[in-house]
Structures are given as structure tokens and as C-alpha cells.
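Student: Enclosed is the structure file target-v5.csv (CSV, C-alpha atoms and all ligand atoms).
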```csv
chain,number,residue,atom,x,y,z
A,20,MET,CA,19.9,23.0,3.2
A,21,ILE,CA,16.5,24.3,4.4
A,22,SER,CA,15.8,24.2,8.1
A,23,VAL,CA,12.5,24.8,9.7
A,24,ALA,CA,12.5,25.0,13.5
A,25,LYS,CA,9.3,25.0,15.5
A,26,ILE,CA,7.6,27.2,13.0
A,27,ALA,CA,3.9,28.2,13.5
A,28,LYS,CA,1.5,30.6,11.7
A,29,HIS,CA,-1.8,31.7,13.0
A,30,TYR,CA,-4.3,33.8,11.0
A,31,GLY,CA,-6.7,35.1,13.6
A,32,GLY,CA,-8.4,31.9,14.9
A,33,THR,CA,-7.0,29.7,12.1
A,34,THR,CA,-3.8,27.7,12.8
A,35,ALA,CA,-2.3,27.3,9.3
A,36,VAL,CA,1.0,25.8,10.6
A,37,ASP,CA,1.5,24.4,14.1
A,38,ASP,CA,5.0,23.9,15.6
A,39,VAL,CA,6.6,22.2,12.6
A,40,SER,CA,10.3,21.3,12.4
A,41,PHE,CA,12.2,19.6,9.6
A,42,ASP,CA,15.4,19.8,7.5
A,43,VAL,CA,15.5,19.5,3.7
A,44,GLN,CA,18.9,18.1,2.5
A,45,PRO,CA,20.7,18.8,-0.7
A,46,GLY,CA,21.2,16.1,-3.4
A,47,VAL,CA,17.7,14.5,-3.1
A,48,VAL,CA,14.2,15.4,-4.0
A,49,THR,CA,12.2,16.1,-0.9
A,50,GLY,CA,8.4,15.9,-1.3
A,51,PHE,CA,6.2,18.0,0.9
A,52,LEU,CA,2.9,16.1,1.0
A,53,GLY,CA,-0.4,17.0,2.5
A,54,PRO,CA,-4.1,17.4,1.5
A,55,ASN,CA,-5.4,20.8,0.4
A,56,GLY,CA,-5.3,23.3,3.3
A,57,ALA,CA,-2.7,21.3,5.2
A,58,GLY,CA,-0.3,24.2,5.4
A,59,LYS,CA,2.2,23.5,2.7
A,60,THR,CA,2.0,26.9,0.9
A,61,THR,CA,2.1,28.8,4.2
A,62,THR,CA,5.3,26.9,5.2
A,63,MET,CA,7.0,27.6,1.9
A,64,ARG,CA,6.0,31.2,2.1
A,65,MET,CA,7.6,31.5,5.5
A,66,ILE,CA,10.8,29.8,4.3
A,67,LEU,CA,10.8,32.4,1.5
A,68,GLY,CA,10.2,35.3,3.8
A,69,LEU,CA,6.9,36.1,2.2
A,70,ASP,CA,5.0,35.5,5.4
A,71,ARG,CA,6.3,36.1,8.9
A,72,PRO,CA,6.0,33.2,11.3
A,73,THR,CA,4.0,33.7,14.4
A,74,SER,CA,6.8,31.8,16.1
A,75,GLY,CA,9.8,29.7,15.1
A,76,VAL,CA,12.5,30.1,12.5
A,77,ALA,CA,13.1,29.1,8.9
A,78,THR,CA,16.5,29.2,7.3
A,79,ILE,CA,18.1,28.5,4.0
A,80,ASN,CA,21.8,27.5,4.3
A,81,ASN,CA,21.7,28.8,7.9
A,82,ARG,CA,20.4,32.3,7.0
A,83,SER,CA,16.9,33.6,7.0
A,84,TYR,CA,15.8,34.5,3.4
A,85,ALA,CA,15.8,38.2,4.3
A,86,ASP,CA,19.6,37.9,5.1
A,87,VAL,CA,20.5,36.2,1.8
A,88,PRO,CA,22.5,38.9,-0.1
A,89,ALA,CA,21.6,37.7,-3.7
A,90,PRO,CA,18.4,35.7,-3.3
A,91,MET,CA,17.9,34.7,-6.9
A,92,ARG,CA,21.4,33.2,-7.0
A,93,GLU,CA,20.7,31.2,-3.9
A,94,VAL,CA,17.0,30.3,-4.0
A,95,GLY,CA,14.7,29.7,-6.9
A,96,ALA,CA,11.0,29.5,-6.2
A,97,LEU,CA,7.8,28.6,-8.0
A,98,LEU,CA,4.7,29.5,-6.0
A,99,ASP,CA,2.0,30.6,-8.3
A,100,ALA,CA,2.9,30.0,-12.0
A,101,LYS,CA,0.0,32.1,-13.2
A,102,ALA,CA,0.9,35.2,-11.2
A,103,ILE,CA,2.5,37.0,-14.1
A,104,GLN,CA,1.5,39.8,-16.5
A,105,THR,CA,-0.1,37.9,-19.4
A,106,GLY,CA,0.5,40.7,-21.9
A,107,ARG,CA,4.2,40.0,-21.9
A,108,THR,CA,6.1,37.4,-23.8
A,109,ALA,CA,8.0,34.8,-21.9
A,110,ARG,CA,11.3,36.3,-23.0
A,111,ASP,CA,10.3,39.8,-21.8
A,112,HIS,CA,9.1,38.4,-18.5
A,113,LEU,CA,12.4,36.6,-17.9
A,114,ARG,CA,14.5,39.6,-19.1
A,115,TRP,CA,12.7,41.8,-16.6
A,116,LEU,CA,13.4,39.4,-13.8
A,117,ASN,CA,17.0,38.9,-14.9
A,118,ARG,CA,17.6,42.6,-14.8
A,119,ALA,CA,16.0,42.9,-11.4
A,120,GLY,CA,18.3,40.2,-10.1
A,121,ASN,CA,21.4,41.7,-11.8
A,122,LEU,CA,22.1,38.5,-13.6
A,123,PRO,CA,24.1,37.8,-16.8
A,124,SER,CA,22.1,38.6,-19.9
A,125,GLY,CA,22.7,35.3,-21.7
A,126,ARG,CA,20.9,33.5,-18.9
A,127,VAL,CA,17.4,34.1,-20.3
A,128,THR,CA,18.2,32.1,-23.5
A,129,GLU,CA,19.8,29.4,-21.4
A,130,VAL,CA,16.8,28.9,-19.1
A,131,LEU,CA,14.3,29.0,-22.0
A,132,LYS,CA,16.2,26.2,-23.6
A,133,MET,CA,16.3,24.2,-20.3
A,134,VAL,CA,12.6,24.3,-19.9
A,135,GLU,CA,12.0,23.7,-23.6
A,136,LEU,CA,10.2,27.0,-24.2
A,137,SER,CA,12.6,28.5,-26.8
A,138,ASP,CA,10.2,28.1,-29.7
A,139,VAL,CA,7.3,29.9,-28.0
A,140,ALA,CA,9.4,32.5,-26.0
A,141,ASP,CA,8.3,35.4,-28.2
A,142,ARG,CA,4.6,34.7,-27.8
A,143,ARG,CA,2.5,36.5,-25.3
A,144,VAL,CA,2.0,34.3,-22.3
A,145,ALA,CA,-1.8,34.9,-22.4
A,146,GLY,CA,-2.1,32.0,-24.8
A,147,TYR,CA,0.0,29.6,-22.8
A,148,SER,CA,-1.3,26.3,-21.4
A,149,LEU,CA,-1.0,25.6,-17.7
A,150,GLY,CA,2.0,23.3,-18.4
A,151,MET,CA,3.7,26.2,-20.3
A,152,PHE,CA,3.1,28.5,-17.4
A,153,GLN,CA,4.6,26.0,-15.0
A,154,ARG,CA,7.7,25.7,-17.2
A,155,LEU,CA,8.0,29.5,-17.4
A,156,GLY,CA,7.8,29.7,-13.6
A,157,ILE,CA,10.5,27.1,-13.4
A,158,ALA,CA,12.6,29.1,-15.9
A,159,ALA,CA,12.2,32.1,-13.7
A,160,ALA,CA,13.3,30.1,-10.7
A,161,LEU,CA,16.4,28.9,-12.5
A,162,LEU,CA,17.6,32.3,-13.7
A,163,GLY,CA,20.1,32.7,-10.9
A,164,ASP,CA,21.3,29.1,-11.1
A,165,PRO,CA,20.3,28.6,-7.5
A,166,GLU,CA,21.5,25.9,-5.1
A,167,THR,CA,18.0,25.6,-3.7
A,168,LEU,CA,14.7,25.1,-5.5
A,169,ILE,CA,11.3,25.5,-3.8
A,170,LEU,CA,8.4,24.4,-6.0
A,171,ASP,CA,4.8,24.6,-4.8
A,172,GLU,CA,2.6,22.0,-6.6
A,173,PRO,CA,4.5,22.3,-9.9
A,174,SER,CA,2.6,19.2,-11.3
A,175,ASN,CA,-0.8,20.5,-10.4
A,176,GLY,CA,-3.1,20.2,-13.4
A,177,LEU,CA,-0.5,18.9,-15.8
A,178,ASP,CA,-1.0,16.0,-18.2
A,179,PRO,CA,1.1,12.9,-17.8
A,180,ALA,CA,3.8,14.1,-20.2
A,181,GLY,CA,4.1,17.4,-18.3
A,182,MET,CA,4.2,15.6,-15.0
A,183,ARG,CA,7.0,13.3,-16.3
A,184,TRP,CA,9.0,16.3,-17.5
A,185,ILE,CA,8.8,18.0,-14.1
A,186,ARG,CA,9.7,14.7,-12.4
A,187,ASP,CA,12.8,14.2,-14.6
A,188,PHE,CA,13.7,17.9,-14.2
A,189,MET,CA,13.6,17.7,-10.3
A,190,LYS,CA,15.7,14.5,-10.3
A,191,ASP,CA,18.2,16.1,-12.5
A,192,MET,CA,18.5,19.1,-10.3
A,193,ALA,CA,18.9,16.9,-7.2
A,194,ALA,CA,21.6,14.8,-9.0
A,195,GLN,CA,23.5,18.0,-9.5
A,196,GLY,CA,23.6,18.4,-5.7
A,197,ARG,CA,20.9,21.0,-5.3
A,198,THR,CA,18.3,21.1,-2.6
A,199,VAL,CA,14.9,20.4,-4.2
A,200,PHE,CA,11.8,20.9,-2.1
A,201,VAL,CA,8.5,20.3,-3.8
A,202,SER,CA,5.0,20.2,-2.5
A,203,SER,CA,2.1,18.1,-3.8
A,204,HIS,CA,-1.2,16.8,-2.6
A,205,LEU,CA,-0.8,13.7,-4.7
A,206,MET,CA,0.8,10.7,-3.1
A,207,GLY,CA,1.2,8.8,-6.4
A,208,GLU,CA,3.2,11.7,-7.8
A,209,MET,CA,5.5,11.9,-4.7
A,210,GLN,CA,6.0,8.1,-4.9
A,211,GLN,CA,7.5,8.5,-8.3
A,212,SER,CA,9.6,11.6,-7.7
A,213,ALA,CA,10.7,12.0,-4.1
A,214,ASP,CA,13.5,10.4,-2.2
A,215,GLN,CA,12.4,11.8,1.1
A,216,VAL,CA,8.9,12.8,2.0
A,217,ILE,CA,7.7,15.2,4.7
A,218,VAL,CA,4.0,14.8,5.4
A,219,ILE,CA,1.9,17.6,6.9
A,220,ASN,CA,-1.8,17.6,7.8
A,221,ARG,CA,-3.9,20.2,9.5
A,222,GLY,CA,-0.8,22.3,10.1
A,223,ARG,CA,1.1,19.5,11.9
A,224,LEU,CA,4.0,17.4,10.9
A,225,VAL,CA,2.9,13.8,10.4
A,226,ALA,CA,6.0,12.1,9.0
A,227,ASP,CA,9.5,12.8,7.7
A,228,VAL,CA,10.7,9.6,6.1
A,229,ASP,CA,13.1,8.2,3.5
A,230,VAL,CA,10.8,6.8,0.8
A,231,GLU,CA,12.9,3.7,0.3
A,232,GLN,CA,13.1,3.0,4.0
A,233,LEU,CA,9.3,3.6,4.2
A,234,PHE,CA,8.7,0.9,1.6
A,235,THR,CA,11.2,-1.5,3.2
A,236,SER,CA,9.7,-1.1,6.7
A,237,ALA,CA,6.1,-1.4,5.3
A,238,ALA,CA,6.8,-4.3,3.0
A,239,GLN,CA,4.6,-7.3,3.7
A,240,VAL,CA,5.0,-10.9,2.9
A,241,ILE,CA,2.2,-13.4,2.5
A,242,VAL,CA,3.2,-16.7,4.1
A,243,GLN,CA,1.2,-20.0,4.0
A,244,SER,CA,2.0,-23.0,6.0
A,245,PRO,CA,0.1,-26.0,7.3
A,246,ARG,CA,1.6,-25.1,10.7
A,247,SER,CA,0.7,-21.5,10.7
A,248,ASP,CA,0.1,-21.1,14.4
A,249,GLU,CA,3.6,-22.3,15.2
A,250,LEU,CA,5.0,-20.1,12.5
A,251,ARG,CA,3.1,-17.1,13.8
A,252,VAL,CA,4.7,-17.5,17.3
A,253,LEU,CA,8.1,-18.0,15.8
A,254,LEU,CA,8.0,-14.9,13.5
A,255,VAL,CA,6.5,-12.7,16.3
A,256,ASP,CA,9.4,-13.9,18.5
A,257,HIS,CA,11.8,-12.6,15.9
A,258,GLY,CA,10.2,-9.1,15.7
A,259,ALA,CA,7.6,-9.6,13.0
A,260,LYS,CA,4.2,-8.0,13.1
A,261,ILE,CA,1.4,-10.2,11.8
A,262,HIS,CA,-1.0,-7.7,10.4
A,263,GLN,CA,-3.9,-10.0,9.6
A,264,THR,CA,-4.7,-13.4,8.5
A,265,THR,CA,-6.3,-13.6,5.1
A,266,SER,CA,-8.8,-16.1,4.1
A,267,GLU,CA,-9.1,-14.9,0.5
A,268,ALA,CA,-5.4,-15.9,-0.2
A,269,THR,CA,-6.2,-19.4,1.0
A,270,VAL,CA,-8.9,-20.2,-1.5
A,271,GLY,CA,-8.4,-23.8,-2.6
A,272,ASN,CA,-6.4,-24.7,0.5
A,273,GLU,CA,-9.0,-27.1,1.7
A,274,SER,CA,-7.8,-29.5,-0.9
A,275,GLN,CA,-4.3,-29.3,0.5
A,276,GLY,CA,-5.5,-30.1,4.0
A,277,MET,CA,-5.1,-26.6,5.5
A,278,ASP,CA,-7.5,-24.7,7.6
A,279,PRO,CA,-8.5,-21.8,5.4
A,280,ALA,CA,-9.1,-19.4,8.3
A,281,HIS,CA,-5.5,-19.8,9.7
A,282,SER,CA,-3.2,-20.8,7.0
A,283,ALA,CA,-2.2,-17.5,5.4
A,284,LEU,CA,-0.2,-14.9,7.4
A,285,ARG,CA,0.5,-11.3,6.3
A,286,VAL,CA,3.9,-10.6,7.8
A,287,ALA,CA,5.5,-7.2,8.3
A,288,GLY,CA,8.9,-6.4,9.8
A,289,LEU,CA,10.8,-9.4,8.4
A,290,GLY,CA,11.8,-9.9,4.7
A,291,ALA,CA,10.9,-13.1,2.8
A,292,PRO,CA,14.5,-14.5,3.0
A,293,ARG,CA,14.5,-14.2,6.7
A,294,ILE,CA,11.1,-15.8,7.1
A,295,GLY,CA,12.2,-18.7,4.9
A,296,GLU,CA,15.4,-19.2,6.9
A,297,LEU,CA,13.5,-19.2,10.2
A,298,ALA,CA,10.9,-21.6,8.9
A,299,ALA,CA,13.6,-24.0,7.6
A,300,ALA,CA,15.7,-23.8,10.8
A,301,ASN,CA,12.5,-24.9,12.7
A,302,ARG,CA,11.5,-27.5,10.1
A,303,ILE,CA,8.2,-25.7,9.4
A,304,PRO,CA,7.1,-26.3,5.9
A,305,LEU,CA,6.0,-23.3,3.8
A,306,TYR,CA,3.5,-23.5,0.9
A,307,GLU,CA,3.8,-19.8,0.0
A,308,LEU,CA,6.3,-17.0,0.6
A,309,THR,CA,5.3,-14.0,-1.5
A,310,PRO,CA,6.6,-10.4,-1.0
A,311,GLU,CA,3.7,-8.0,-1.7
A,312,GLN,CA,4.0,-4.9,-3.9
A,313,THR,CA,2.9,-1.9,-2.0
A,314,ASP,CA,2.2,1.8,-2.9
A,315,LEU,CA,3.2,4.8,-0.9
A,316,GLU,CA,-0.2,5.3,0.6
A,317,THR,CA,-0.3,1.7,1.9
A,318,ALA,CA,3.3,1.9,3.1
A,319,PHE,CA,2.5,5.2,4.9
A,320,LEU,CA,-0.6,3.8,6.6
A,321,ALA,CA,1.3,0.7,7.7
A,322,LEU,CA,3.9,3.0,9.2
A,323,THR,CA,1.6,5.2,11.1
A,324,GLU,CA,-1.2,2.7,11.6
A,325,GLN,CA,-3.6,5.7,11.7
A,326,GLU,CA,-6.3,6.4,9.3
A,327,THR,CA,-7.3,9.9,10.4
A,328,LEU,CA,-4.6,11.7,8.5
A,329,GLY,CA,-6.5,12.8,5.4
A,330,VAL,CA,-4.7,10.3,3.2
A,331,GLU,CA,-7.9,9.8,1.3
A,332,ALA,CA,-7.6,13.4,0.1
A,333,LEU,CA,-4.0,12.7,-0.7
A,334,HIS,CA,-5.0,10.0,-3.0
A,335,ASP,CA,-7.3,12.2,-5.0
A,336,ARG,CA,-5.9,12.5,-8.5
A,337,GLY,CA,-8.1,15.4,-9.4
A,338,GLU,CA,-7.1,19.0,-9.9
A,339,ARG,CA,-7.6,21.4,-7.1
A,401,LIG,N1,-3.7,34.7,4.3
A,401,LIG,C1,-4.5,33.8,4.9
A,401,LIG,N2,-5.4,34.2,5.8
A,401,LIG,C2,-6.2,33.3,6.5
A,401,LIG,N3,-6.1,32.0,6.4
A,401,LIG,C3,-5.1,31.5,5.6
A,401,LIG,C4,-4.3,32.4,4.8
A,401,LIG,N4,-3.4,31.6,4.1
A,401,LIG,C5,-3.7,30.3,4.4
A,401,LIG,N5,-4.7,30.3,5.3
A,401,LIG,C6,-5.3,29.1,5.9
A,401,LIG,O1,-4.3,28.3,6.4
A,401,LIG,C7,-4.5,26.9,6.1
A,401,LIG,C8,-3.3,26.3,5.3
A,401,LIG,O2,-3.3,26.8,4.0
A,401,LIG,P1,-2.2,26.5,2.9
A,401,LIG,O3,-2.5,27.3,1.7
A,401,LIG,O4,-0.9,26.8,3.5
A,401,LIG,O5,-2.4,25.0,2.7
A,401,LIG,P2,-1.8,24.1,1.5
A,401,LIG,O6,-1.4,22.8,2.2
A,401,LIG,O7,-0.9,24.8,0.7
A,401,LIG,O8,-3.1,23.8,0.7
A,401,LIG,P3,-3.4,23.9,-0.8
A,401,LIG,O9,-2.8,22.6,-1.4
A,401,LIG,O10,-4.9,23.9,-0.9
A,401,LIG,O11,-2.7,25.1,-1.3
A,401,LIG,C9,-5.8,26.8,5.4
A,401,LIG,O12,-6.8,26.6,6.3
A,401,LIG,C10,-6.0,28.2,4.8
A,401,LIG,O13,-7.3,28.5,4.6
```
Would you encode the structure as C-alpha cells?

Tutor:
Amino acid sequence: MISVAKIAKHYGGTTAVDDVSFDVQPGVVTGFLGPNGAGKTTTMRMILGLDRPTSGVATINNRSYADVPAPMREVGALLDAKAIQTGRTARDHLRWLNRAGNLPSGRVTEVLKMVELSDVADRRVAGYSLGMFQRLGIAAALLGDPETLILDEPSNGLDPAGMRWIRDFMKDMAAQGRTVFVSSHLMGEMQQSADQVIVINRGRLVADVDVEQLFTSAAQVIVQSPRSDELRVLLVDHGAKIHQTTSEATVGNESQGMDPAHSALRVAGLGAPRIGELAAANRIPLYELTPEQTDLETAFLALTEQETLGVEALHDRGER
């Protein structure tokens, strides 16, 4: 488990990370989401002992990284995949790291196979694509067969096949009971890979949520009834939030004798079955009861009901 407690980092007048606390549990993929410059890399560097916090503490399995006796066996990290000597082959690069970590010699062949680089392992990495660099970085992180993986934007700049490979790889690692902590500025990517998501913006923690719960709590249901005013009162009494009435969903309702301005409700906080039961128990007819599909961004906005969190930047699918 990774624990971050009231951690902060100031660079002169710049506050990169501001009093952030969270835990990252084993067995699940935890996404670390935030727009560019939010403080993700700085937080990861502090966890890895590469930057000293201005205040607060970060630990991995209850020890600070500096106190971990065999770091490569406990923690594997990918920070900057391209920060390697490009004149070397992938195999030589991994052998060198393997020796530095005092790890068993057969491990290099094993990790090359795991990241599917065996066929190109004896080529100089200068000719590698970004995706190959990322895989090599992951191979290096895996050398010590660590319990904890910390990956900074491993999908950045990858094509869809490369992104899928990383996603499957992370899920696999988590299914083996490891702690997987991965940063991204792409909400869509996190939606597909993370079980838990920690959101940071301008150095501050914005949310720490279970992705499934987030979707459940943000799920909305479109409800149409000829007695929508009564239904609205009933649902609000039972804890629903009526986000807005939609006139566009009511096109054509005039012919059914409904007032188009008031007949459709967008209901949050109650599922479709419960809404149906309540309406039936109160003899209110329903003309529509449709659960809406939502994406992570919408769910997140519904949760926070704030729009000043830089989520537009998070939605940017472009490369940094
Ligand atoms: N060594 C440094 N010196 C001064 N400022 C820094 C340093 N490292 C980071 N910062 C600043 O701290 C803030 C957070 O940067 P950080 O790289 O942690 O963000 P990030 O979320 O990882 O963003 P990105 O996705 O762009 O890497 C930024 O304003 C950045 O300019």
C-alpha cells in the first residue's frame, strides 16, 4: 500500500503539491488523474524519494522509500521512459539494471518476454518507437518482481493498440494482488483502466473515488409522466436530485397531451427500479423510464457539481 499524508512541495513561489493525502490499495488499479501541471509527477517523485517533500510524509508499505532495503524488489517505477542511453540495446540496458539491483540473471529474458520485446531486444533502443520505450520502461520496473508499480503517464503518446496493451497489463498486475498506481491526464483512459481514481488539480486533491460507485452515484434516469410535478415532489422526498427538466426529450409529447416544458425529469440519486416502484405505489403513470449512459467526466462533474476543476483539459485526447 502507498500512503501519502499531508504532503506538500513548494518550488520557490510555486506550489506544485498542496497538502495532499490519500492511500493506494493493493489488488486494484488506482488512477492518478489531473491536467498537465496538476502535480502528479511531483507527487510520484516524492513517493519514490526522488524529491523531498516540503512537508508531509509518503510511505510504501509503511516505510519511506529511502528505508526500503531492496527497492527494486519492492517498487517498480516508470517515470520517464525515454531517459535511457539510446546507444544500448534493450537487453544490455536491462542487464545493467539487473546487476545494479543484484537480481537473478534469468530475469532479463523473462521481463523482455512479458513486455513482448524479445524479438527486438538486441537492437539499439535509438530506433525504438515511443510504445517500445514505454514497454522497455515497464520491463525495467518489473525486474525485481515488485509488489508495487508506479507508472507516470505510461499511455502517453501511444496508439490504441499500445494503450490497450498497457491497460491489460495493469489489470493483470492488480489481479495478482499488486498495488498499481498510474497517472494520466486523460479521463477516457482512466475510465477504461482504473478501479479507483484520485483526482488532483493545481496541487490539491479534488476527489478520491471508487469508479463504479462514482458511476452509480452519478447515474441519471430520464422520467416522463403526465403528472411530472407530483412525481418530482415524490422523488425529491425520497432523496432524489432532479438535475434539470429537459424539453428536448419531450419532442412529440404535445400529441400525448403533456406539457413539453415539464414532462421530462432528469433524476439522480435513485435508480430506475426504485423510481418505477415509487410511481406505481402512488398511482402516477410513467411514459418513460430510461437510465442514461454516462462517461467518467460527466459522472465526475455530477459528483462535484463544480466546473472549475480543469476537467476540459482532462478531456483533451492530444499528446502533451
Ligand atoms: N523542479 C521544479 N522546479 C520548479 N517547478 C516545478 C518543478 N517540478 C515541477 N514544477 C511545477 O510544479 C507544478 C506541478 O508539476 P508536475 O510535473 O508535478 O505536474 P503533472 O501533473 O505531472 O503535469 P504533467 O502531466 O504536465 O507532467 C507545475 O506548475 C510545474 O511547473

Student: Step by step, measure atom-to-atom distances between ligand LIG 401 (chain A) and each residue using only C-alpha atoms and all ligand atoms, keep those at most 6 Å, then write them as a PyMOL selection string.

Tutor: chain A and resi 30+35+53+55-61

Student: Taking all atoms listed in the file into account, which of A:Tyr147, A:Trp184, A:Phe51, A:Phe152 comes nearest Ile169 of chain A?

Tutor: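 Distance minimum relative to Ile169 of chain A lands on A:Phe51.
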
Student: Hey, which of A:Thr33, A:Thr49, A:Ser124, A:Gln153 ends up closest to Asp178 of chain A? Count all atoms listed in the file.

Tutor: A:Gln153

Student: Record the distance separating atom CA of Val242 of chain A and atom CA of Arg285 of chain A, expressed in Å with one decimal.

Tutor: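 Distance reported for this atom pair: 6.4 Å.
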
Student: List as a list in words the protein and nucleic acid residues near Asn301 of chain A, meaning an atom at most 12 Å away when only C-alpha atoms are counted, but skip any in the same chain fewer than 6 places from it.

Tutor: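 These residues fall inside the cut-off: Arg246, Glu249, Leu250, Val252, Leu253, Leu254, Ile294 and Gly295 of chain A.
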
Student: Mind giving me the straight-line distance from atom CA of Arg143 of chain A to atom CA of Trp115 of chain A in Å, one decimal?

Tutor: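 Atom CA of Arg143 of chain A sits 14.4 Å away from atom CA of Trp115 of chain A.
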
Student: For a test of reading the model, state the distance in Å between atom CA of Asp164 of chain A and atom CA of Leu122 of chain A, rounded to one decimal.

Tutor: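 Taking atom CA of Asp164 of chain A and atom CA of Leu122 of chain A, their separation equals 9.8 Å.
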